[in-house]
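A short worksheet on the structure shown next.
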Amino acid sequence: MLASGTPYVIRLKVEPGREIVIQDLIRDQVSVQSSELDDKVLLKADGMPTYHLANIVDDHLMEITHVIRGEEWLPSTAHHVLLYEGFGWQDTMPQFAHLPLIMKPVGNGKLSKRDGAKFGIPVFPLSWKGEVEADSFTGFREAGFLPAATINFLALLGWHPGTDQEIFSMEELIAAFSIESIGKSGARFDYDKAKWFNQKYLQQSSDAELATMMAPYAAAKGYSTDAALLEGIARLMKERVTFVPDFVEEGYYLFEPVRTYDEDAVAKKWSARLEPSFQALIEWFRNTAAFEAITLEQGVKTFMAENTLKPGEVLPLLRLALAGTMKGPAVFDMAEFLGRDATCARLEAALQFFKTRITTV
RNA sequence: GGCCCGUUCGUCUAGGGGUUAGGACGCAGGAUUUUCAUUCCUGUAACACGGGUUCGAUUCCCGUACGGGCUACCA
């Protein structure tokens, strides 16, 4: 048959009747009866080796000491042990460690590539643009996750340091980590916790680092920026973002004029009778000496006192004028960041908008 | 189906024969901030079930249930 060119494969012949004991760093001993094992294909009909053969030969040649892989490999490890024995390499066989699997955020089963699109979460480190839509996905990096935060989060999925520490620098992680303290059960991917780690890392990053990180996102939006500007935005927004792109998305008004005003907030805070005061306030901003947060705040407080205005009648409107929303950095910090010209321009624009609103008293 | 692995708050987990079963995320409430967020405080909530072993089991053993993985000339 061989001579006539009949296609064939070469298999591993597994003798029945013996127990194969796999020594695992995480699960200790796992034993399998050889009678349960099939005669795995080693060389395919096209002459190429299967993973099982290639894996053992490669690892042996490369003098691999530890095979650390997902739990889905545990069943085939018995074959691998047999292969090491078959080649007479049992003395240099690597140590095995089978890691618990990461499970879907919701539902059953292990986390898979498809889950990224399904749940709107990253699954792989980097984005990938495939031939078709279904083969494309967004990576942790492009989603705005910091590498260190992602590693930190992933490390705690299944592993525990033995202390209550959760935030680890790479050095601390390397020092504290050990295969032996990895757990055995599968861990569900908790996106909320992943976000929390990222937020923590963002908060701990310096303004200069954040500026560097947000630069590509700012450029993609067509903003012309410089390091000083980006650092200022980092300082203003770092306590209120979760992902790097948030700086540009949620803090867009620090890059460009306000696009829209929170209508409900305007309706609630604006009153036609405030117009003269607001007008006077704009004048004040235009002429006040120093344009720094602290002095601006003191000045506006004095202004409010002199005009018998309550903070609630002034500050929310200033915020709305500068940012368009009730969220965001402290009002006077934004004013200082924007500078006199932009601040006054926004106050003017906002006043025009406010006046178009139909208001009661 | 068969084989292998696993099972502590909703989630990630610590712990381990006698504990008020600890921490974190989330959620809820409060303090601070006349925004949002941050920060701080408080609260919420768990040992899958049944048998053993034991003076005593969440912890050890055995079952059951449930969950996961493998069962390709894929990796």
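By order of appearance in the structure tokens: chains A, B, ..., then residues from 1 within every chain, and ligands from 1 in the order shown.
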From the DSSP assignment of the backbone, select every residue of segment 16-91 of chain A that is strand (DSSP E), and format the answer as JSON, numbers by chain. {"A": [19, 20, 21, 22, 23, 24, 28, 29, 30, 31, 32, 33, 41, 42, 43, 66, 67, 68, 69, 70]}
For chain B, report every residue with an atom at most 6 Å from chain A (counting only C-alpha atoms (C1' of nucleotides)), formatted as a list in words.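 Therefore, the residues near the partner are G6, G23, C25, U35, C36, A37, U38, G69, C70 and C73 of chain B.
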Taking 2 positions as the minimum chain separation for residues in the same chain, which residues sit within 8 Å of segment 58-68 of chain B when counting only C-alpha atoms (C1' of nucleotides)? Answer as a list of chain:residue names. A:Gly109, A:Lys110, A:Gly186, B:C5, B:G6, B:U7, B:U8, B:G16, B:G17, B:C47, B:A48, B:C49, B:G50, B:G51, B:G52, B:U53
Which residue, B:C3, B:U11, B:A72, B:A57, has the smallest gap to C27 of chain B when you use only C-alpha atoms (C1' of nucleotides)? B:U11
